[in-house]
Amino acid sequence: MNSRTISNGILRALSIILGIGLLLYFLYQVRSVIIYIVIAAVLSLIARPIIRFLKRKLKFPNTIAVVSTMVLFLGMLFGLISMFIPLIIKQGRNLSLLDITQLEIRIEELINQANDYFTSHGINILEQLKSIDILSNFKAIPNLLNDVIGAVGSLSIGLVSVLFIAFFFMKDSRLLHNGLMVIVPDETEDRFAASLEKIEDLLSRYFIGLVTQITILFVLYTIILLIFGVDNALVIAFLCALLNLIPYVGPLIGGALMLVLTMTSHLDQDFQTQILPTTIYVMIGYVIAQLVDNFFSQPFIFSQSVKSHPLEIFLTIIIGGILFGVTGMIVAVPMYTAIKVILKEFLAENKIVKSLTKDL
């Protein structure tokens with residue numbers, strides 16, 4: 001091996017490293033576009049059964065079926081947005097977001113009432129609360145609202161982009177499939193195509209299962225909040241149900257959100273006789289709903305949709321969370337499902353793979 005061969009090898013290796021680096025940099029710069037494509041792909045997977053129903057049962061042309069499905073999605077989106085308006089107005093009035101002085105007075109009254117109640121039971125929480133500068137944190141709320149308003153423009157661009165991409169994914173179900181096949185070597189194209197078909201089917205069922213899970217929780221939360229007369233029960237229930245998309249962490253955040261919104265909905269009432277009992281009953285109902293979801297809804301939905309044992313799902317989510325945080329927990333199950341399908345197609349005779357994919 002002469003010096004020219006060694007130099008060419010080094011230059012080739014450096015070129016490959018440089019090319020990979022430039023590719024990663026490019027992907028980082030266009031990460032928002034990649035996110036739009038991923039969201040559009042998820043929407044198209046959820047829409048697949050609806051489009052098939054419209055085409056096969058109602059004999060809709062493909063384009064009309066796609067447009068009807070998108071109109072349905074848009075109607076649901078704008079319906080949800082309209083639901084949030086009363087909650088924002090109500091909470092804005094309750095918390096006096098634009099009147100910091102009034103807000104401090106009402107929070108102090110609530111803290112004093114809570115302290116009187118707990119002091120009568122031998123617990124003094126006022127000293128601990130005094131060490132926490134709670135009220136100053138609320139002064140940042142107007143700035144937060146300004147930031148939210150500033151983000152509306154970006155969200156609008158994102159929404160239009162996602163809808164545009166999703167329309168073509170729905171209209172031509174092979175578009176994403178063909179795009180992925182371009183980067184697959186010719187000798188593995190048939191096997192990868194079979195894997196991709198299976199992955200699309202399982203992920204479509206998985207995302208529909210998630211929608212079913214959220215719907216069940218939404219109904220349970222709504223019933224609980226309506227029973228105890230909490231204002232804007234539908235919106236609060238939807239927010240808390242939606243947070244369950246984040247495995248294990250989401251229910252904790254949802255519980256804290258439901259507790260805060262339940263208490264702030266009754267700020268004008270007595271703490272001991274009204275606010276505290278109502279909040280306790282609502283949280284007991286929340287825990288019961290979570291138990292129903294954890295032990296009945298989730299195991300059944302996930303085992304039926306992605307053909308995986310609940311213990312597999314649990315370990316996969318935990319590992320995803322350890323490696324990539326909250327994002328890893330959210331994408332763990334879809335990624336694990338895709339990997340299982342590919343392994344079954346290419347390593348079907350492996351003992352471990354055979355054990356993990358026996359139900360696929």
# chains A, B, ... in the order shown; residues from 1 in each chain; ligands from 1
>>> residues_around(residues="region 344-359 of chain A", least_positions_apart="6", cutoff="9 Å", atoms="only C-alpha atoms", output="PyMOL selection string")
chain A and resi 191-192+194-195+307-308
>>> write_last_selection(atoms="C-alpha atoms", output="PDB file, in the first residue's frame")
ATOM      1  CA  ARG A 191     -38.697  -6.742   1.849  1.00  0.00           C
ATOM      2  CA  PHE A 192     -38.588  -3.141   3.020  1.00  0.00           C
ATOM      3  CA  ALA A 194     -43.555  -5.260   2.925  1.00  0.00           C
ATOM      4  CA  SER A 195     -42.258  -3.935   6.258  1.00  0.00           C
ATOM      5  CA  LYS A 307     -49.471  -6.247  19.096  1.00  0.00           C
ATOM      6  CA  SER A 308     -47.134  -5.795  22.064  1.00  0.00           C
TER       7      SER A 308
END
>>> residues_around(residues="Phe169 (chain A)", least_positions_apart="4", cutoff="7 Å", atoms="only C-alpha atoms", output="ChimeraX atom specification")
/A:41,44,165,173,175-176
>>> write_last_selection(atoms="C-alpha atoms", output="PDB file, in the first residue's frame")
ATOM      1  CA  ALA A  41     -47.808  11.803   8.272  1.00  0.00           C
ATOM      2  CA  SER A  44     -52.690  10.905   7.278  1.00  0.00           C
ATOM      3  CA  ILE A 165     -48.538  18.426   3.281  1.00  0.00           C
ATOM      4  CA  SER A 173     -51.269   7.243   0.094  1.00  0.00           C
ATOM      5  CA  LEU A 175     -46.427   9.380  -1.738  1.00  0.00           C
ATOM      6  CA  LEU A 176     -44.653   8.902   1.595  1.00  0.00           C
TER       7      LEU A 176
END
>>> closest_residue(among="A:Asp116, A:Ala193, A:Val287, A:Gln304", to="Gln272 (chain A)", atoms="only C-alpha atoms")
A:Asp116
>>> closest_atom_pairs(of="region 258-304 of chain A", to="region 232-243 of chain A", cutoff="10 Å", atoms="only C-alpha atoms", output="Markdown table")
| residue | atom | partner | partner_atom | distance |
| --- | --- | --- | --- | --- |
| A:Met258 | CA | A:Ile236 | CA | 6.8 |
| A:Leu261 | CA | A:Ile236 | CA | 7.6 |
| A:Thr262 | CA | A:Ile236 | CA | 8.9 |
| A:Ser265 | CA | A:Asn232 | CA | 8.9 |
| A:Tyr286 | CA | A:Cys240 | CA | 9.7 |
| A:Gln290 | CA | A:Ala241 | CA | 9.9 |
>>> residues_around(residues="Met329 (chain A)", least_positions_apart="5", cutoff="7 Å", atoms="only C-alpha atoms", output="ChimeraX atom specification")
/A:246-247,317-318,320-321
>>> atom_distance(atom1="CA of Ser305 (chain A)", atom2="CA of Arg205 (chain A)")
5.1 Å
>>> closest_residue(among="A:Pro61, A:Thr316, A:Asp172, A:Thr327", to="Arg48 (chain A)", atoms="only C-alpha atoms")
A:Asp172
>>> residues_around(residues="Ser161 (chain A)", least_positions_apart="4", cutoff="9 Å", atoms="only C-alpha atoms", output="mmCIF file with C-alpha atoms, in the first residue's frame")
data_model
loop_
_atom_site.group_PDB
_atom_site.id
_atom_site.type_symbol
_atom_site.label_atom_id
_atom_site.label_comp_id
_atom_site.auth_asym_id
_atom_site.auth_seq_id
_atom_site.Cartn_x
_atom_site.Cartn_y
_atom_site.Cartn_z
ATOM 1 C CA VAL A 33 -40.081 21.339 8.102
ATOM 2 C CA TYR A 36 -44.387 19.454 9.788
ATOM 3 C CA ILE A 37 -43.860 16.332 7.670
ATOM 4 C CA ALA A 40 -48.764 15.484 8.513
ATOM 5 C CA SER A 156 -50.437 29.830 11.740
ATOM 6 C CA ILE A 157 -47.631 29.156 9.264
ATOM 7 C CA ILE A 165 -48.538 18.426 3.281
ATOM 8 C CA ALA A 166 -51.221 16.245 4.886
#
>>> residues_around(residues="Pro49 (chain A)", least_positions_apart="3", cutoff="12 Å", atoms="only C-alpha atoms", output="PyMOL selection string")
chain A and resi 43-46+52-57+65-66+69+170+173+200-201+204-205+207-208
>>> atom_distance(atom1="CA of Thr337 (chain A)", atom2="CA of Ile199 (chain A)")
7.2 Å
>>> residues_around(residues="Pro299 (chain A)", least_positions_apart="2", cutoff="12 Å", atoms="only C-alpha atoms", output="number ranges by chain")
A: 209-210, 213, 291-297, 301-314
>>> select_by_dssp(residues="region 212-310 of chain A", states="helix (DSSP H, G or I)", output="PyMOL selection string")
chain A and resi 212-227+233-245+249-264+271-306+310
>>> closest_residue(among="A:Met335, A:Ala13, A:Val67, A:Val282", to="Ile227 (chain A)", atoms="only C-alpha atoms")
A:Val282
>>> decode(residues="region 170-195 of chain A", atoms="C-alpha atoms", output="mmCIF file, in the first residue's frame")
data_model
loop_
_atom_site.group_PDB
_atom_site.id
_atom_site.type_symbol
_atom_site.label_atom_id
_atom_site.label_comp_id
_atom_site.auth_asym_id
_atom_site.auth_seq_id
_atom_site.Cartn_x
_atom_site.Cartn_y
_atom_site.Cartn_z
ATOM 1 C CA MET A 170 -53.970 11.651 2.153
ATOM 2 C CA LYS A 171 -54.653 12.129 -1.537
ATOM 3 C CA ASP A 172 -51.795 9.861 -2.602
ATOM 4 C CA SER A 173 -51.269 7.243 0.094
ATOM 5 C CA ARG A 174 -48.178 5.995 -1.774
ATOM 6 C CA LEU A 175 -46.427 9.380 -1.738
ATOM 7 C CA LEU A 176 -44.653 8.902 1.595
ATOM 8 C CA HIS A 177 -44.082 5.238 0.781
ATOM 9 C CA ASN A 178 -42.413 6.057 -2.546
ATOM 10 C CA GLY A 179 -40.339 8.807 -0.966
ATOM 11 C CA LEU A 180 -38.860 6.383 1.549
ATOM 12 C CA MET A 181 -38.260 3.703 -1.080
ATOM 13 C CA VAL A 182 -35.931 6.074 -2.982
ATOM 14 C CA ILE A 183 -33.242 5.715 -0.291
ATOM 15 C CA VAL A 184 -33.601 1.924 0.059
ATOM 16 C CA PRO A 185 -31.077 -0.327 -1.763
ATOM 17 C CA ASP A 186 -32.570 -2.227 -4.709
ATOM 18 C CA GLU A 187 -31.763 -5.669 -3.279
ATOM 19 C CA THR A 188 -33.840 -5.045 -0.145
ATOM 20 C CA GLU A 189 -36.612 -2.996 -1.750
ATOM 21 C CA ASP A 190 -39.287 -5.739 -1.754
ATOM 22 C CA ARG A 191 -38.697 -6.742 1.849
ATOM 23 C CA PHE A 192 -38.588 -3.141 3.020
ATOM 24 C CA ALA A 193 -41.814 -2.396 1.115
ATOM 25 C CA ALA A 194 -43.555 -5.260 2.925
ATOM 26 C CA SER A 195 -42.258 -3.935 6.258
#
